[in-house]
$ cat work26.tsv   # TSV, C-alpha atoms and all ligand atoms
chain	number	residue	atom	x	y	z
O	18	MET	CA	109.24	173.53	29.62
O	19	LYS	CA	107.74	170.78	27.48
O	20	SER	CA	104.45	168.97	27.91
O	21	GLY	CA	102.21	166.66	25.97
O	22	PHE	CA	100.21	163.46	25.55
O	23	VAL	CA	102.05	160.29	24.57
O	24	THR	CA	100.11	157.21	23.47
O	25	ILE	CA	101.61	153.75	23.86
O	26	LEU	CA	100.41	151.62	20.95
O	27	GLY	CA	101.06	148.03	19.93
O	28	ARG	CA	99.85	144.47	19.49
O	29	PRO	CA	98.52	142.50	22.49
O	30	ASN	CA	101.28	141.34	24.86
O	31	ALA	CA	103.95	143.65	23.39
O	32	GLY	CA	104.69	145.09	26.84
O	33	LYS	CA	102.72	148.37	26.77
O	34	SER	CA	101.50	148.19	30.35
O	35	THR	CA	104.90	147.01	31.60
O	36	LEU	CA	106.39	150.10	29.94
O	37	LEU	CA	103.82	152.44	31.48
O	38	ASN	CA	104.49	151.04	34.95
O	39	ALA	CA	108.26	151.16	34.44
O	40	LEU	CA	108.25	154.79	33.30
O	41	VAL	CA	105.93	155.99	36.06
O	42	GLY	CA	107.54	153.81	38.70
O	43	GLU	CA	104.19	152.61	40.06
O	44	LYS	CA	101.92	149.76	39.15
O	45	LEU	CA	99.10	151.62	37.41
O	46	ALA	CA	98.20	148.93	34.90
O	47	ILE	CA	97.82	145.21	35.40
O	48	VAL	CA	100.28	142.98	33.54
O	49	THR	CA	99.93	139.31	32.67
O	50	HIS	CA	101.46	136.91	30.18
O	51	LYS	CA	98.06	136.62	28.46
O	52	PRO	CA	97.28	138.79	25.42
O	53	GLN	CA	94.42	141.31	25.70
O	54	THR	CA	94.96	142.01	29.37
O	55	THR	CA	94.34	145.76	29.14
O	56	ARG	CA	90.79	146.70	28.18
O	57	ASN	CA	90.72	150.48	28.49
O	58	ARG	CA	93.12	153.38	28.22
O	59	ILE	CA	95.19	154.01	31.32
O	60	GLN	CA	96.75	157.34	32.11
O	61	GLY	CA	100.08	157.76	33.90
O	62	ILE	CA	101.68	161.15	34.46
O	63	LEU	CA	105.43	161.73	34.51
O	64	ASN	CA	106.91	164.94	35.87
O	65	LEU	CA	110.52	165.14	34.75
O	66	PRO	CA	112.93	167.67	36.23
O	67	ALA	CA	115.33	169.47	33.91
O	68	LYS	CA	118.63	167.73	33.38
O	69	LYS	CA	121.66	168.34	31.21
O	70	GLY	CA	120.48	168.77	27.64
O	71	ARG	CA	116.81	168.22	28.55
O	72	PRO	CA	114.24	170.78	29.69
O	73	LYS	CA	111.68	170.19	32.43
O	74	ALA	CA	108.69	168.22	31.14
O	75	GLN	CA	105.29	166.81	31.98
O	76	VAL	CA	104.51	163.68	29.96
O	77	ILE	CA	100.99	162.30	30.06
O	78	LEU	CA	101.31	158.67	29.04
O	79	LEU	CA	98.36	156.63	27.82
O	80	ASP	CA	98.54	152.84	27.86
O	81	THR	CA	96.04	151.22	25.50
O	82	PRO	CA	94.53	147.79	24.76
O	83	GLY	CA	96.46	145.70	22.24
O	84	VAL	CA	95.48	146.19	18.61
O	85	HIS	CA	93.52	143.13	17.47
O	86	ARG	CA	90.65	142.16	15.19
O	87	PRO	CA	87.39	142.78	17.06
O	88	GLU	CA	85.07	139.79	17.38
O	89	ASN	CA	82.53	141.11	19.87
O	90	ARG	CA	81.27	144.30	21.54
O	91	LEU	CA	84.01	144.22	24.15
O	92	ASP	CA	86.70	144.00	21.43
O	93	LYS	CA	85.09	146.88	19.58
O	94	LYS	CA	85.05	148.95	22.74
O	95	MET	CA	88.73	148.12	23.29
O	96	MET	CA	89.62	149.30	19.80
O	97	GLN	CA	87.57	152.44	20.38
O	98	GLU	CA	89.70	153.08	23.45
O	99	VAL	CA	92.82	152.81	21.27
O	100	ARG	CA	91.45	155.35	18.78
O	101	ASN	CA	90.37	157.70	21.59
O	102	ALA	CA	93.86	157.57	23.05
O	103	LEU	CA	95.40	158.43	19.68
O	104	GLU	CA	93.11	161.38	19.08
O	105	GLY	CA	94.91	164.62	19.77
O	106	CYS	CA	98.06	163.00	21.16
O	107	ASN	CA	101.43	164.66	20.57
O	108	LEU	CA	103.54	161.56	20.14
O	109	VAL	CA	103.08	157.82	19.61
O	110	LEU	CA	105.28	155.14	21.14
O	111	LEU	CA	104.82	152.11	18.91
O	112	ILE	CA	106.02	149.12	20.85
O	113	ALA	CA	106.81	145.76	19.26
O	114	ASP	CA	107.82	142.44	20.84
O	115	VAL	CA	111.10	141.34	19.18
O	116	THR	CA	110.47	137.70	20.04
O	117	GLN	CA	107.37	137.65	17.84
O	118	LYS	CA	107.32	137.31	14.06
O	119	PHE	CA	106.28	140.36	12.06
O	120	GLY	CA	102.69	139.37	11.24
O	121	VAL	CA	99.51	140.63	9.63
O	122	GLY	CA	98.72	142.79	12.66
O	123	GLU	CA	101.82	144.98	12.49
O	124	PRO	CA	100.83	146.93	9.34
O	125	LEU	CA	97.50	147.70	11.08
O	126	VAL	CA	99.36	149.12	14.06
O	127	ILE	CA	101.57	151.23	11.79
O	128	ASP	CA	98.48	152.45	9.98
O	129	LEU	CA	96.84	153.54	13.25
O	130	ALA	CA	100.04	155.30	14.31
O	131	ARG	CA	100.30	157.06	10.98
O	132	ARG	CA	96.75	158.35	11.22
O	133	ALA	CA	97.59	160.07	14.51
O	134	ASN	CA	99.57	162.55	12.42
O	135	THR	CA	102.31	162.90	15.04
O	136	PRO	CA	105.91	161.74	15.30
O	137	VAL	CA	106.18	158.01	16.05
O	138	ILE	CA	108.98	156.43	18.08
O	139	LEU	CA	109.45	152.70	17.50
O	140	LEU	CA	110.37	150.68	20.58
O	141	LEU	CA	111.73	147.20	20.02
O	142	ASN	CA	110.87	145.58	23.34
O	143	LYS	CA	112.03	142.44	25.19
O	144	VAL	CA	115.60	142.74	23.89
O	145	ASP	CA	116.64	140.85	27.03
O	146	LEU	CA	115.33	137.73	25.29
O	147	VAL	CA	117.25	137.94	21.98
O	148	ASP	CA	120.84	138.23	20.78
O	149	LYS	CA	121.82	141.67	19.53
O	150	PRO	CA	122.59	140.58	15.93
O	151	ARG	CA	118.94	139.55	15.56
O	152	LEU	CA	117.89	143.18	15.98
O	153	LEU	CA	119.56	144.58	12.87
O	154	PRO	CA	117.34	142.90	10.26
O	155	LEU	CA	114.32	143.82	12.37
O	156	ILE	CA	115.31	147.48	12.49
O	157	GLU	CA	115.87	147.43	8.75
O	158	HIS	CA	112.47	145.86	8.11
O	159	TRP	CA	110.53	148.27	10.32
O	160	SER	CA	112.34	151.36	9.05
O	161	LYS	CA	111.17	150.66	5.52
O	162	LEU	CA	107.54	150.86	6.62
O	163	HIS	CA	107.47	154.25	8.30
O	164	ASP	CA	109.69	157.24	8.87
O	165	PHE	CA	110.07	156.72	12.61
O	166	ARG	CA	111.42	159.62	14.65
O	167	GLU	CA	113.74	157.13	16.31
O	168	ILE	CA	114.06	153.37	16.80
O	169	ILE	CA	115.07	152.36	20.32
O	170	PRO	CA	115.70	148.83	21.60
O	171	ILE	CA	114.41	148.48	25.16
O	172	SER	CA	113.54	145.99	27.84
O	173	ALA	CA	110.51	147.34	29.67
O	174	ARG	CA	110.78	144.54	32.22
O	175	ASN	CA	114.47	145.17	33.00
O	176	LYS	CA	114.12	148.93	32.52
O	177	THR	CA	116.92	149.16	29.99
O	178	GLY	CA	116.91	151.79	27.26
O	179	LEU	CA	114.40	153.92	29.16
O	180	ASP	CA	116.76	156.87	29.80
O	181	ASP	CA	117.36	157.11	26.08
O	182	LEU	CA	113.64	156.91	25.50
O	183	LEU	CA	112.92	159.74	27.95
O	184	ASP	CA	115.44	162.01	26.19
O	185	VAL	CA	113.99	161.32	22.75
O	186	MET	CA	110.43	161.59	24.03
O	187	VAL	CA	110.92	164.99	25.67
O	188	ARG	CA	112.72	166.28	22.59
O	189	ALA	CA	109.75	165.30	20.42
O	190	LEU	CA	107.15	167.05	22.61
O	191	PRO	CA	105.97	170.61	22.04
O	192	GLU	CA	106.79	173.45	24.40
O	193	GLY	CA	104.03	173.97	26.91
O	194	GLN	CA	102.94	174.24	30.51
O	195	PRO	CA	101.87	171.27	32.65
O	196	TYR	CA	98.31	170.06	32.12
O	197	PHE	CA	97.98	168.56	35.60
O	198	PRO	CA	99.19	169.34	39.14
O	199	ALA	CA	102.56	167.80	40.01
O	200	ASP	CA	101.12	165.38	42.59
O	201	ARG	CA	98.73	163.71	40.20
O	202	LEU	CA	99.77	160.29	38.97
O	203	THR	CA	96.69	159.02	37.15
O	204	ASP	CA	93.00	159.71	36.62
O	205	GLN	CA	91.94	156.18	37.51
O	206	PRO	CA	89.54	155.90	40.44
O	207	VAL	CA	90.71	153.55	43.20
O	208	ARG	CA	87.56	151.47	42.76
O	209	PHE	CA	88.53	150.67	39.21
O	210	MET	CA	92.12	149.82	40.16
O	211	VAL	CA	90.78	147.39	42.76
O	212	ALA	CA	88.54	145.72	40.15
O	213	GLU	CA	91.57	145.43	37.87
O	214	ILE	CA	93.68	143.79	40.58
O	215	VAL	CA	90.97	141.15	41.06
O	216	ARG	CA	90.77	140.67	37.27
O	217	GLU	CA	94.56	140.28	37.11
O	218	GLN	CA	94.36	137.38	39.55
O	219	VAL	CA	91.56	135.80	37.51
O	220	LEU	CA	93.70	136.09	34.37
O	221	ILE	CA	96.74	134.60	36.08
O	222	SER	CA	94.81	131.71	37.66
O	223	THR	CA	92.57	130.59	34.81
O	224	HIS	CA	93.03	129.24	31.30
O	225	GLN	CA	91.54	128.93	27.84
O	226	GLU	CA	88.36	130.96	27.44
O	227	ILE	CA	87.86	132.08	31.05
O	228	PRO	CA	90.29	135.04	31.07
O	229	TYR	CA	88.44	136.51	28.11
O	230	ALA	CA	84.94	135.70	29.34
O	231	THR	CA	85.37	137.35	32.74
O	232	THR	CA	85.11	140.85	34.06
O	233	VAL	CA	84.95	142.38	37.52
O	234	LEU	CA	82.67	145.03	39.01
O	235	ILE	CA	82.90	146.55	42.48
O	236	ASP	CA	79.59	146.29	44.35
O	237	ARG	CA	80.58	148.01	47.57
O	238	PHE	CA	83.56	150.04	48.76
O	239	GLU	CA	83.37	151.24	52.35
O	240	GLU	CA	86.34	153.16	53.63
O	241	GLY	CA	87.21	152.75	57.26
O	242	GLU	CA	89.94	154.33	59.32
O	243	ARG	CA	91.86	151.09	59.74
O	244	LEU	CA	90.10	148.77	57.31
O	245	ASP	CA	88.35	149.12	53.96
O	246	SER	CA	85.49	146.76	53.24
O	247	ILE	CA	85.11	145.83	49.58
O	248	ALA	CA	82.70	143.53	47.74
O	249	ALA	CA	83.21	142.66	44.09
O	250	THR	CA	81.53	140.39	41.56
O	251	ILE	CA	83.37	138.38	38.94
O	252	TYR	CA	81.14	137.95	35.91
O	253	CYS	CA	81.58	135.00	33.58
O	254	GLU	CA	79.49	133.68	30.72
O	255	ARG	CA	78.65	130.07	31.59
O	256	ASP	CA	77.91	127.79	34.53
O	257	GLY	CA	80.97	125.66	33.69
O	258	GLN	CA	83.19	128.74	33.98
O	259	LYS	CA	81.58	129.62	37.29
O	260	ALA	CA	82.35	126.15	38.61
O	261	ILE	CA	86.00	126.48	37.61
O	262	LEU	CA	86.24	129.95	39.15
O	263	ILE	CA	84.88	128.60	42.44
O	264	GLY	CA	87.11	125.52	42.32
O	265	LYS	CA	87.05	122.40	44.47
O	266	GLY	CA	85.57	123.37	47.82
O	267	GLY	CA	85.96	127.04	46.88
O	268	SER	CA	89.75	126.72	46.54
O	269	MET	CA	90.11	128.75	43.34
O	270	LEU	CA	88.01	131.66	44.56
O	271	LYS	CA	89.93	131.63	47.82
O	272	LYS	CA	93.28	131.76	45.99
O	273	ILE	CA	92.14	134.63	43.76
O	274	GLY	CA	90.70	136.51	46.75
O	275	THR	CA	93.73	136.10	48.99
O	276	GLU	CA	96.25	137.19	46.37
O	277	ALA	CA	94.10	140.12	45.25
O	278	ARG	CA	93.58	141.23	48.85
O	279	HIS	CA	97.33	141.29	49.51
O	280	GLN	CA	97.86	143.46	46.43
O	281	ILE	CA	94.99	145.81	47.29
O	282	GLU	CA	96.31	146.17	50.84
O	283	ARG	CA	99.73	147.05	49.45
O	284	MET	CA	98.19	149.67	47.15
O	285	LEU	CA	95.93	151.24	49.79
O	286	GLY	CA	98.42	150.91	52.62
O	287	LYS	CA	95.85	149.46	54.99
O	288	LYS	CA	93.96	146.29	55.81
O	289	VAL	CA	91.17	145.21	53.51
O	290	PHE	CA	88.18	142.93	53.90
O	291	LEU	CA	87.47	141.57	50.42
O	292	GLU	CA	84.33	139.64	49.54
O	293	LEU	CA	84.11	138.07	46.08
O	294	PHE	CA	80.99	136.81	44.30
O	295	ILE	CA	80.63	135.06	40.97
O	296	LYS	CA	77.74	135.58	38.60
O	297	VAL	CA	76.91	134.17	35.20
O	298	ARG	CA	75.83	136.66	32.59
O	299	ALA	CA	75.53	134.84	29.29
O	300	GLY	CA	76.94	136.72	26.32
O	301	TRP	CA	77.92	139.87	28.26
O	302	ARG	CA	80.78	140.51	25.86
O	303	ASP	CA	78.21	141.12	23.14
O	304	SER	CA	75.91	143.31	25.21
O	305	SER	CA	76.68	146.94	24.47
O	306	ASP	CA	74.86	148.10	27.61
O	307	PHE	CA	76.88	145.82	29.84
O	308	VAL	CA	80.18	146.61	28.12
O	309	GLU	CA	79.52	150.36	28.35
O	310	GLY	CA	78.63	149.94	32.02
O	311	LEU	CA	82.13	148.59	32.69
O	312	ASP	CA	83.70	151.87	31.57
O	313	TRP	CA	84.52	153.89	34.69
O	314	ARG	CA	84.58	157.14	32.72
O	315	ARG	CA	81.04	156.35	31.68
O	316	GLN	CA	80.10	155.42	35.27
O	317	LEU	CA	81.37	158.83	36.48
O	318	GLU	CA	79.42	160.62	33.76
O	319	ASP	CA	76.25	158.79	34.79
O	320	ILE	CA	76.76	159.73	38.45
O	321	ALA	CA	77.37	163.39	37.52
O	322	ALA	CA	74.25	163.45	35.32
O	323	ARG	CA	72.15	161.93	38.10
O	324	GLU	CA	73.44	164.46	40.62
O	325	GLN	CA	72.64	167.29	38.23
O	326	TRP	CA	69.08	166.02	37.93
O	327	GLU	CA	68.68	165.74	41.66
O	328	GLN	CA	70.06	169.26	42.09
O	329	ALA	CA	67.67	170.62	39.48
O	330	GLN	CA	64.70	168.92	41.15
O	331	LYS	CA	65.65	170.45	44.49
O	332	ILE	CA	65.63	173.94	42.95
O	333	GLU	CA	62.19	173.31	41.44
E	401	LIG	N1	111.32	139.25	28.95
E	401	LIG	C1	110.56	140.35	28.90
E	401	LIG	N2	109.24	140.24	29.11
E	401	LIG	C2	108.51	141.38	29.03
E	401	LIG	C3	109.08	142.63	28.75
E	401	LIG	N3	108.09	143.55	28.74
E	401	LIG	C4	106.95	142.89	29.02
E	401	LIG	N4	107.19	141.57	29.21
E	401	LIG	C5	106.23	140.51	29.53
E	401	LIG	O1	105.30	140.41	28.47
E	401	LIG	C6	104.00	140.06	28.95
E	401	LIG	C7	102.97	141.08	28.48
E	401	LIG	O2	103.23	142.33	29.10
E	401	LIG	P1	102.14	143.47	29.21
E	401	LIG	O3	102.81	144.68	29.70
E	401	LIG	O4	100.94	142.97	29.91
E	401	LIG	O5	101.80	143.64	27.66
E	401	LIG	P2	100.68	144.57	27.00
E	401	LIG	O6	101.23	145.06	25.72
E	401	LIG	O7	100.23	145.58	27.97
E	401	LIG	O8	99.54	143.50	26.71
E	401	LIG	P3	97.95	143.74	26.51
E	401	LIG	O9	97.45	144.59	27.63
E	401	LIG	O10	97.42	142.37	26.56
E	401	LIG	O11	97.78	144.36	25.17
E	401	LIG	C8	104.14	139.99	30.47
E	401	LIG	O12	104.35	138.65	30.84
E	401	LIG	C9	105.37	140.83	30.73
E	401	LIG	O13	106.05	140.48	31.93
E	401	LIG	C10	110.49	142.71	28.54
E	401	LIG	O14	111.09	143.75	28.30
E	401	LIG	N5	111.18	141.53	28.62
E	402	MG	MG	98.38	145.96	28.75
$ encode --input "work26.tsv" --output "structure tokens" --more "lines below"
Ligand SMILES: Nc1nc2c(ncn2[C@@H]2O[C@H](COP(=O)(O)OP(=O)(O)OP(=O)(O)O)[C@@H](O)[C@H]2O)c(=O)[nH]1
Ligand SMILES: [Mg+2]
Amino acid sequence: MKSGFVTILGRPNAGKSTLLNALVGEKLAIVTHKPQTTRNRIQGILNLPAKKGRPKAQVILLDTPGVHRPENRLDKKMMQEVRNALEGCNLVLLIADVTQKFGVGEPLVIDLARRANTPVILLLNKVDLVDKPRLLPLIEHWSKLHDFREIIPISARNKTGLDDLLDVMVRALPEGQPYFPADRLTDQPVRFMVAEIVREQVLISTHQEIPYATTVLIDRFEEGERLDSIAATIYCERDGQKAILIGKGGSMLKKIGTEARHQIERMLGKKVFLELFIKVRAGWRDSSDFVEGLDWRRQLEDIAAREQWEQAQKIE
């Protein structure tokens, strides 16, 4: 049996989240055409049965935010998430978009991968968009920059090349027992996934600065037998953005809410009552307190700490 942690690394928009979802076969991470969609690391667990020439394996995949130059607290936090995901991983999947020119960011990505001190598999993604002959010079260029374990052309969207990838990935992992029970798919709380689905709709429906200046927090999540009742707030940075998010006669907010509700209902498998609010919080992206507060891992730690205190007080 093989098992290990595999970090998906790459520039914004390369197709990291699409790959995670394709490998796991569930939508665990939101995907949009806008760069910097993913803001924190997202775990997806693959339990692979043995097949000819391949032992049984548990692969813990970690999708990460796109590697970019940080300009504010949020960006810094995103890059911290990338470094956290690389720490102690057993394998790196470096994914590059073949439709994009090799730019100044790529050497930074290679450098991060190298510092993980693990084998690195290079995935040339979106091959459905280019002619095969265009790949050869690319492969040659990349292979000069690092001794990749393997270079595999894939299309994460069309799910081509993924069988090959699974074989190579399992081969590169150490022998070991599973880290998690077989029925576990991710560590993400449902609350967070709901907030992400709302954010995905904001990203898809808005333009220019708004996608980057918005975030979503769940205010209330009441589970019912037949219906869950959820309230969430979309935070933006300026009154003008708020006006756009509300839209003429509330049309934009309605569109975002309806589409998000459909998706949440599909995920939860039941009806949902979704209330959305919009608040302005100037400069939130540069407030470390606010940015830290968005981190669900941090939220869970805070809840656990509070419960410990309350428990201790009871004993006193
Ligand atoms: N044609 C094509 N499009 C793809 C492929 N993989 C991803 N995309 C598209 O590329 C865009 C970005 O995909 P994501 O999966 O969100 O990319 P990401 O690397 O997670 O991006 P960030 O989270 O912003 O860093 C989306 O519009 C995807 O549908 C592919 O194999 N072929
Ligand atoms: Mg992503």
$ residues_near_ligand --input "work26.tsv" --ligand "ligand MG 402 (chain E)" --cutoff "10 Å" --atoms "all atoms listed in the file" --output "ChimeraX atom specification"
/O:25-37,46-59,80-83
$ closest_residue --input "work26.tsv" --among "O:Pro198, O:Pro170, O:Pro206, O:Gly286" --to "ligand LIG 401 (chain E)" --atoms "only C-alpha atoms and all ligand atoms"
O:Pro170
$ atom_distance --input "work26.tsv" --atom1 "CA of Thr24 (chain O)" --atom2 "CA of Leu79 (chain O)"
4.7 Å
$ atom_distance --input "work26.tsv" --atom1 "CA of Val297 (chain O)" --atom2 "CA of Thr232 (chain O)"
10.6 Å
$ atom_distance --input "work26.tsv" --atom1 "CA of Ser304 (chain O)" --atom2 "CA of Gly257 (chain O)"
20.2 Å
$ residues_around --input "work26.tsv" --residues "Glu43 (chain O)" --least-positions-apart "6" --cutoff "10 Å" --atoms "all atoms listed in the file" --output "list in words"
Leu37, Gly61, Leu202 and Met284 of chain O
$ closest_residue --input "work26.tsv" --among "O:Lys73, O:Lys296, O:Lys331, O:Arg166" --to "Gly193 (chain O)" --atoms "all atoms listed in the file"
O:Lys73
$ axis_aligned_box --input "work26.tsv" --around "region 71-90 of chain O" --padding-each-side "8 Å" --output "JSON"
{"center_x": 99.0, "center_y": 155.3, "center_z": 23.8, "size_x": 51.5, "size_y": 47.0, "size_z": 33.2}
$ residues_around --input "work26.tsv" --residues "region 147-155 of chain O" --least-positions-apart "2" --cutoff "9 Å" --atoms "all atoms listed in the file" --output "PyMOL selection string"
chain O and resi 115-116+119+141+143-145+157-160+170
$ residues_around --input "work26.tsv" --residues "Tyr252 (chain O)" --least-positions-apart "6" --cutoff "10 Å" --atoms "all atoms listed in the file" --output "MDAnalysis selection string"
chainID O and resid 230:234 258:259 294:299 301
$ write_last_selection --input "work26.tsv" --atoms "C-alpha atoms" --output "PDB file, in the frame of the given file"
ATOM      1  CA  ALA O 230      84.940 135.700  29.340  1.00  0.00           C
ATOM      2  CA  THR O 231      85.370 137.350  32.740  1.00  0.00           C
ATOM      3  CA  THR O 232      85.110 140.850  34.060  1.00  0.00           C
ATOM      4  CA  VAL O 233      84.950 142.380  37.520  1.00  0.00           C
ATOM      5  CA  LEU O 234      82.670 145.030  39.010  1.00  0.00           C
ATOM      6  CA  GLN O 258      83.190 128.740  33.980  1.00  0.00           C
ATOM      7  CA  LYS O 259      81.580 129.620  37.290  1.00  0.00           C
ATOM      8  CA  PHE O 294      80.990 136.810  44.300  1.00  0.00           C
ATOM      9  CA  ILE O 295      80.630 135.060  40.970  1.00  0.00           C
ATOM     10  CA  LYS O 296      77.740 135.580  38.600  1.00  0.00           C
ATOM     11  CA  VAL O 297      76.910 134.170  35.200  1.00  0.00           C
ATOM     12  CA  ARG O 298      75.830 136.660  32.590  1.00  0.00           C
ATOM     13  CA  ALA O 299      75.530 134.840  29.290  1.00  0.00           C
ATOM     14  CA  TRP O 301      77.920 139.870  28.260  1.00  0.00           C
TER      15      TRP O 301
END
$ residues_around --input "work26.tsv" --residues "Leu139 (chain O)" --least-positions-apart "2" --cutoff "10 Å" --atoms "all atoms listed in the file" --output "PyMOL selection string"
chain O and resi 26-27+109-113+127+136-137+141-142+156+159-160+163-170+182
$ decode --input "work26.tsv" --residues "region 173-196 of chain O" --atoms "N, CA and C atoms" --output "PDB file, in the first residue's frame"
ATOM      1  N   ALA O 173      -7.294  18.940 -17.747  1.00  0.00           N
ATOM      2  CA  ALA O 173      -8.042  18.727 -16.497  1.00  0.00           C
ATOM      3  C   ALA O 173      -9.538  18.839 -16.775  1.00  0.00           C
ATOM      4  N   ARG O 174      -9.885  19.747 -17.692  1.00  0.00           N
ATOM      5  CA  ARG O 174     -11.307  19.956 -17.978  1.00  0.00           C
ATOM      6  C   ARG O 174     -11.909  18.743 -18.684  1.00  0.00           C
ATOM      7  N   ASN O 175     -11.173  18.188 -19.664  1.00  0.00           N
ATOM      8  CA  ASN O 175     -11.691  17.024 -20.407  1.00  0.00           C
ATOM      9  C   ASN O 175     -11.304  15.694 -19.774  1.00  0.00           C
ATOM     10  N   LYS O 176     -10.560  15.769 -18.699  1.00  0.00           N
ATOM     11  CA  LYS O 176     -10.097  14.573 -17.973  1.00  0.00           C
ATOM     12  C   LYS O 176      -9.247  13.657 -18.843  1.00  0.00           C
ATOM     13  N   THR O 177      -8.402  14.228 -19.671  1.00  0.00           N
ATOM     14  CA  THR O 177      -7.489  13.376 -20.442  1.00  0.00           C
ATOM     15  C   THR O 177      -6.106  13.412 -19.809  1.00  0.00           C
ATOM     16  N   GLY O 178      -5.435  12.275 -19.863  1.00  0.00           N
ATOM     17  CA  GLY O 178      -4.085  12.158 -19.296  1.00  0.00           C
ATOM     18  C   GLY O 178      -4.099  11.845 -17.811  1.00  0.00           C
ATOM     19  N   LEU O 179      -5.293  11.743 -17.214  1.00  0.00           N
ATOM     20  CA  LEU O 179      -5.350  11.586 -15.758  1.00  0.00           C
ATOM     21  C   LEU O 179      -5.013  10.160 -15.294  1.00  0.00           C
ATOM     22  N   ASP O 180      -5.304   9.159 -16.146  1.00  0.00           N
ATOM     23  CA  ASP O 180      -4.940   7.781 -15.776  1.00  0.00           C
ATOM     24  C   ASP O 180      -3.432   7.643 -15.676  1.00  0.00           C
ATOM     25  N   ASP O 181      -2.775   8.206 -16.683  1.00  0.00           N
ATOM     26  CA  ASP O 181      -1.306   8.242 -16.688  1.00  0.00           C
ATOM     27  C   ASP O 181      -0.778   8.905 -15.427  1.00  0.00           C
ATOM     28  N   LEU O 182      -1.401  10.050 -15.118  1.00  0.00           N
ATOM     29  CA  LEU O 182      -0.991  10.818 -13.948  1.00  0.00           C
ATOM     30  C   LEU O 182      -1.140   9.985 -12.676  1.00  0.00           C
ATOM     31  N   LEU O 183      -2.259   9.286 -12.533  1.00  0.00           N
ATOM     32  CA  LEU O 183      -2.481   8.483 -11.327  1.00  0.00           C
ATOM     33  C   LEU O 183      -1.389   7.422 -11.178  1.00  0.00           C
ATOM     34  N   ASP O 184      -1.052   6.761 -12.293  1.00  0.00           N
ATOM     35  CA  ASP O 184      -0.001   5.734 -12.245  1.00  0.00           C
ATOM     36  C   ASP O 184       1.323   6.327 -11.756  1.00  0.00           C
ATOM     37  N   VAL O 185       1.707   7.440 -12.363  1.00  0.00           N
ATOM     38  CA  VAL O 185       2.994   8.062 -12.030  1.00  0.00           C
ATOM     39  C   VAL O 185       2.988   8.556 -10.583  1.00  0.00           C
ATOM     40  N   MET O 186       1.832   9.112 -10.195  1.00  0.00           N
ATOM     41  CA  MET O 186       1.693   9.680  -8.859  1.00  0.00           C
ATOM     42  C   MET O 186       1.856   8.586  -7.799  1.00  0.00           C
ATOM     43  N   VAL O 187       1.148   7.487  -7.968  1.00  0.00           N
ATOM     44  CA  VAL O 187       1.207   6.402  -6.987  1.00  0.00           C
ATOM     45  C   VAL O 187       2.631   5.841  -6.921  1.00  0.00           C
ATOM     46  N   ARG O 188       3.247   5.710  -8.089  1.00  0.00           N
ATOM     47  CA  ARG O 188       4.611   5.183  -8.117  1.00  0.00           C
ATOM     48  C   ARG O 188       5.558   6.068  -7.297  1.00  0.00           C
ATOM     49  N   ALA O 189       5.323   7.373  -7.350  1.00  0.00           N
ATOM     50  CA  ALA O 189       6.241   8.306  -6.679  1.00  0.00           C
ATOM     51  C   ALA O 189       6.003   8.408  -5.170  1.00  0.00           C
ATOM     52  N   LEU O 190       4.883   7.859  -4.684  1.00  0.00           N
ATOM     53  CA  LEU O 190       4.572   7.991  -3.250  1.00  0.00           C
ATOM     54  C   LEU O 190       5.271   6.923  -2.417  1.00  0.00           C
ATOM     55  N   PRO O 191       5.529   7.218  -1.157  1.00  0.00           N
ATOM     56  CA  PRO O 191       6.152   6.217  -0.292  1.00  0.00           C
ATOM     57  C   PRO O 191       5.158   5.123   0.117  1.00  0.00           C
ATOM     58  N   GLU O 192       5.702   3.997   0.558  1.00  0.00           N
ATOM     59  CA  GLU O 192       4.822   2.959   1.097  1.00  0.00           C
ATOM     60  C   GLU O 192       4.284   3.452   2.425  1.00  0.00           C
ATOM     61  N   GLY O 193       3.029   3.133   2.698  1.00  0.00           N
ATOM     62  CA  GLY O 193       2.468   3.577   3.968  1.00  0.00           C
ATOM     63  C   GLY O 193       1.000   3.250   4.064  1.00  0.00           C
ATOM     64  N   GLN O 194       0.488   3.347   5.270  1.00  0.00           N
ATOM     65  CA  GLN O 194      -0.916   3.067   5.544  1.00  0.00           C
ATOM     66  C   GLN O 194      -1.744   4.332   5.289  1.00  0.00           C
ATOM     67  N   PRO O 195      -3.077   4.171   5.161  1.00  0.00           N
ATOM     68  CA  PRO O 195      -3.918   5.351   4.963  1.00  0.00           C
ATOM     69  C   PRO O 195      -3.847   6.293   6.165  1.00  0.00           C
ATOM     70  N   TYR O 196      -3.932   7.575   5.898  1.00  0.00           N
ATOM     71  CA  TYR O 196      -3.947   8.573   6.977  1.00  0.00           C
ATOM     72  C   TYR O 196      -5.371   8.818   7.466  1.00  0.00           C
TER      73      TYR O 196
END
